[in-house]
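Colleague: Quick one: this structure, given as structure tokens, is what I'll be asking you about.
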Amino acid sequence: MTYQSRIVSRRRPLGLFHFADPRHWTPTDVRVAYEQGSQALLDELIVTGFRVARTRRSTRRLQEVIAEAQAALAVYDEAGWLAQPELAYAAQDAPSSNDLAIRPGRSGGIEFEHLQFPSGYRPHPDDPSSRRWAAMGANRDVHAWVLRHKRPRPWLLGVHGAEMGRPFVDFMLFRAKWMHEKLGLNVALPVMPLHGPRAGGGHFPSEVTAHNVHGVLQAVADVRRTLAWIRNEQPGQPIGLHGISLGGHISAIVASLETELACALIGVAPMDLVLLLERHHGTGHGHDLRVQNFELGARLGQMTTPLRMQPKLPRERRYFYAGAVDRLVDFADHQAPMIAHWDYPKTLVYNGGHVGIGMAKELPGFWARAFAESGLIRPRGVSPSSSAALTG
């Protein structure tokens, strides 16, 4: 089956032409149109907020960012990381007991363990931005929210999206209490660089090209170090990986490096951060410099996109889901190429957008199906909604 015929089977938004046929004037279609419209509007409001609130960098600052990116490009090209992205990602060991801190936490009525240990990421010494990145003190330690049973159980490691990294928000995003109590999983949610308790000194993702490079490299290292901690704590227990939005981008790279994952579940994920930033930030102020910066970011992005790497786990343990009216991460730009690159894994296109992912009724069933098929949980007859556009 061709690429196009696989993709066109996805659910599409119900537009005006759909309702030009009176046969479509049904309560179900009207409800779906209302849900899709409200979800798309919510996404558009967030996108508008990004464009209004984004930092307007001066010409001098843009020139500095570009010079830094040009120097970094030469460094990584010489190191061979652009040609072979796998070289940019060093294997990670579990933190030693002396470096590990675990303290109790509570958020939204959920008691959890707050895990903290030093990040294993070390910036390339010849990258001109390395010293600045390493000087971000709060970002040097990994933080993770952990829910685990008293006896060994399979694990789900979740990687959150941008602007998250706080217990209450992360627990809601991943439905952590449901996964822990109803599905019986141990859950670990590491915080990404420059998020939550690691914030300070900059943003990731960012128009500052170096932040996107270091952010992806460090996020991947931190997730792999958390995986190593789990394996050290409970040897032999299967581990599933689940990334949402920006976390999906990171998880797709991790799934291209780790050979012992039970499954990889990727949701509403951008696969090209530069393309995402260019679409949402635009190139209005300082047009020529901003275009030049995005072009350099795209060249450096050769080593930070999962589209340049092959997944290590077999096709039947890869899962993907996307929103039918996602206005933040465009399906054609990001998700369709990744679905094709991953050889069309089981894919759900749910009836909703990006920001409102927590309201998608179809997702828990799809997640449970992925966990059951990959051996993380016992099958319980849970399946996605019959209205879901499911392929694979």
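How things are named: the first chain in the structure tokens is A, the next is B, and so on; residues count from 1 in each chain; ligands count from 1 in the order shown.
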Could you please write out, as a PyMOL selection string, every residue of stretch 90-160 of chain A that DSSP assigns to alpha helix (DSSP H)?
Modeller: chain A and resi 130-134
Colleague: Now that the selection is made, can you save its residues with N, CA and C atoms as a CSV table (one decimal), in the first residue's frame?
Modeller:
```
chain,number,residue,atom,x,y,z
A,130,SER,N,28.6,26.0,25.2
A,130,SER,CA,28.6,24.9,26.2
A,130,SER,C,28.8,25.5,27.6
A,131,ARG,N,29.7,26.5,27.7
A,131,ARG,CA,29.9,27.1,29.0
A,131,ARG,C,28.7,27.7,29.6
A,132,ARG,N,28.0,28.4,28.7
A,132,ARG,CA,26.7,29.1,29.2
A,132,ARG,C,25.7,28.1,29.6
A,133,TRP,N,25.6,27.0,28.8
A,133,TRP,CA,24.6,26.0,29.2
A,133,TRP,C,24.9,25.3,30.5
A,134,ALA,N,26.2,25.0,30.6
A,134,ALA,CA,26.7,24.3,31.9
A,134,ALA,C,26.5,25.1,33.1
```
Colleague: Quick one: everything within 10 Å of stretch 369-381 of chain A, counting only C-alpha atoms, minus sequence neighbours fewer than 2 positions away in the same chain. Send it as a CSV table (one decimal) with C-alpha atoms, in the first residue's frame.
Modeller:
```csv
chain,number,residue,atom,x,y,z
A,153,ARG,CA,5.9,-4.2,38.6
A,154,PRO,CA,6.3,-3.1,35.0
A,155,TRP,CA,7.1,0.5,34.4
A,156,LEU,CA,5.8,3.3,32.3
A,179,MET,CA,-2.0,4.1,35.2
A,183,LEU,CA,-3.5,-0.5,35.4
A,184,GLY,CA,-1.0,-1.5,38.1
A,185,LEU,CA,2.0,0.2,36.6
A,237,GLN,CA,10.9,-5.5,34.7
A,238,PRO,CA,9.6,-4.4,31.3
A,239,ILE,CA,9.6,-0.6,30.6
A,240,GLY,CA,7.3,1.2,28.2
A,241,LEU,CA,8.1,4.7,26.9
A,261,LEU,CA,11.9,-1.1,25.6
A,262,ALA,CA,8.6,-2.9,25.8
A,263,CYS,CA,6.9,-0.3,23.6
A,264,ALA,CA,7.2,3.3,22.5
A,265,LEU,CA,4.0,5.4,22.5
A,316,GLU,CA,4.4,-4.1,16.4
A,317,ARG,CA,5.6,-2.4,19.5
A,318,ARG,CA,5.5,1.1,18.1
A,319,TYR,CA,2.4,3.3,18.6
A,320,PHE,CA,1.4,6.7,17.5
A,346,LYS,CA,-0.7,1.3,15.0
A,363,LEU,CA,-6.9,8.0,24.4
A,364,PRO,CA,-7.1,5.9,27.6
A,365,GLY,CA,-8.4,2.9,25.7
A,366,PHE,CA,-5.6,3.2,23.0
A,367,TRP,CA,-3.0,3.5,25.7
A,383,SER,CA,-10.1,-1.0,23.3
A,384,PRO,CA,-10.3,2.4,21.7
```
Colleague: Residues of stretch 136-210 of chain A within 12 Å of stretch 108-117 of chain A: nearest atom pair and distance (Å, one decimal) for each, counting only C-alpha atoms, sorted by chain and number, as JSON lines?
Modeller:
```
{"residue": "A:Ala138", "atom": "CA", "partner": "A:Gln116", "partner_atom": "CA", "distance": 11.5}
{"residue": "A:Asn139", "atom": "CA", "partner": "A:Phe117", "partner_atom": "CA", "distance": 11.0}
{"residue": "A:Arg140", "atom": "CA", "partner": "A:Phe117", "partner_atom": "CA", "distance": 8.8}
{"residue": "A:Asp141", "atom": "CA", "partner": "A:Phe117", "partner_atom": "CA", "distance": 5.5}
{"residue": "A:Val142", "atom": "CA", "partner": "A:Phe117", "partner_atom": "CA", "distance": 5.4}
{"residue": "A:His143", "atom": "CA", "partner": "A:Gln116", "partner_atom": "CA", "distance": 4.6}
{"residue": "A:Ala144", "atom": "CA", "partner": "A:Leu115", "partner_atom": "CA", "distance": 5.0}
{"residue": "A:Trp145", "atom": "CA", "partner": "A:His114", "partner_atom": "CA", "distance": 5.1}
{"residue": "A:Val146", "atom": "CA", "partner": "A:Glu113", "partner_atom": "CA", "distance": 5.0}
{"residue": "A:Leu147", "atom": "CA", "partner": "A:Phe112", "partner_atom": "CA", "distance": 5.3}
{"residue": "A:Arg148", "atom": "CA", "partner": "A:Phe112", "partner_atom": "CA", "distance": 8.1}
{"residue": "A:His149", "atom": "CA", "partner": "A:Phe112", "partner_atom": "CA", "distance": 10.6}
{"residue": "A:Arg166", "atom": "CA", "partner": "A:His114", "partner_atom": "CA", "distance": 11.1}
{"residue": "A:Pro167", "atom": "CA", "partner": "A:Gly108", "partner_atom": "CA", "distance": 8.5}
{"residue": "A:Phe168", "atom": "CA", "partner": "A:Gly108", "partner_atom": "CA", "distance": 6.1}
{"residue": "A:Val169", "atom": "CA", "partner": "A:Gly108", "partner_atom": "CA", "distance": 9.5}
{"residue": "A:Asp170", "atom": "CA", "partner": "A:Gly108", "partner_atom": "CA", "distance": 11.1}
{"residue": "A:Phe171", "atom": "CA", "partner": "A:Ile110", "partner_atom": "CA", "distance": 8.7}
{"residue": "A:Met172", "atom": "CA", "partner": "A:Gly108", "partner_atom": "CA", "distance": 9.5}
{"residue": "A:Arg175", "atom": "CA", "partner": "A:Ile110", "partner_atom": "CA", "distance": 11.5}
{"residue": "A:Ala176", "atom": "CA", "partner": "A:Ile110", "partner_atom": "CA", "distance": 9.4}
{"residue": "A:Lys177", "atom": "CA", "partner": "A:Ile110", "partner_atom": "CA", "distance": 7.5}
{"residue": "A:Trp178", "atom": "CA", "partner": "A:Ile110", "partner_atom": "CA", "distance": 11.1}
{"residue": "A:His180", "atom": "CA", "partner": "A:Ile110", "partner_atom": "CA", "distance": 10.7}
{"residue": "A:Glu181", "atom": "CA", "partner": "A:Ile110", "partner_atom": "CA", "distance": 11.0}
{"residue": "A:Asn186", "atom": "CA", "partner": "A:Phe112", "partner_atom": "CA", "distance": 10.9}
{"residue": "A:Val187", "atom": "CA", "partner": "A:Phe112", "partner_atom": "CA", "distance": 9.8}
{"residue": "A:Ala188", "atom": "CA", "partner": "A:Leu115", "partner_atom": "CA", "distance": 9.2}
{"residue": "A:Leu189", "atom": "CA", "partner": "A:Leu115", "partner_atom": "CA", "distance": 9.6}
{"residue": "A:Pro190", "atom": "CA", "partner": "A:Leu115", "partner_atom": "CA", "distance": 8.6}
{"residue": "A:Val191", "atom": "CA", "partner": "A:Gln116", "partner_atom": "CA", "distance": 10.0}
{"residue": "A:Pro197", "atom": "CA", "partner": "A:Gln116", "partner_atom": "CA", "distance": 10.5}
{"residue": "A:Arg198", "atom": "CA", "partner": "A:Gln116", "partner_atom": "CA", "distance": 11.0}
```
Colleague: Pick the closest to A:Val349 from A:Lys361, A:His242, A:Arg122, A:Arg60: which is it, counting only C-alpha atoms?
Modeller: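 Distance minimum relative to A:Val349 lands on A:Lys361.
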Colleague: Give me the stretch 321-349 of chain A side of the contact with stretch 287-309 of chain A, cut-off 8 Å, one line per residue showing its nearest atom pair and distance in Å at one decimal, counting only C-alpha atoms, sorted by chain and residue number, as a Markdown table.
Modeller:
```
| residue | atom | partner | partner_atom | distance |
| --- | --- | --- | --- | --- |
| A:Pro337 | CA | A:Leu307 | CA | 7.9 |
| A:Met338 | CA | A:Leu307 | CA | 6.6 |
| A:His341 | CA | A:Leu307 | CA | 6.7 |
```
Colleague: Residues as selected, C-alpha atoms, written as a CSV table (one decimal), in the first residue's frame, can you do that?
Modeller:
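Final output, saved to result-v1.csv:
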```
chain,number,residue,atom,x,y,z
A,337,PRO,CA,6.4,11.9,8.0
A,338,MET,CA,7.1,10.2,11.3
A,341,HIS,CA,9.4,6.7,8.9
```
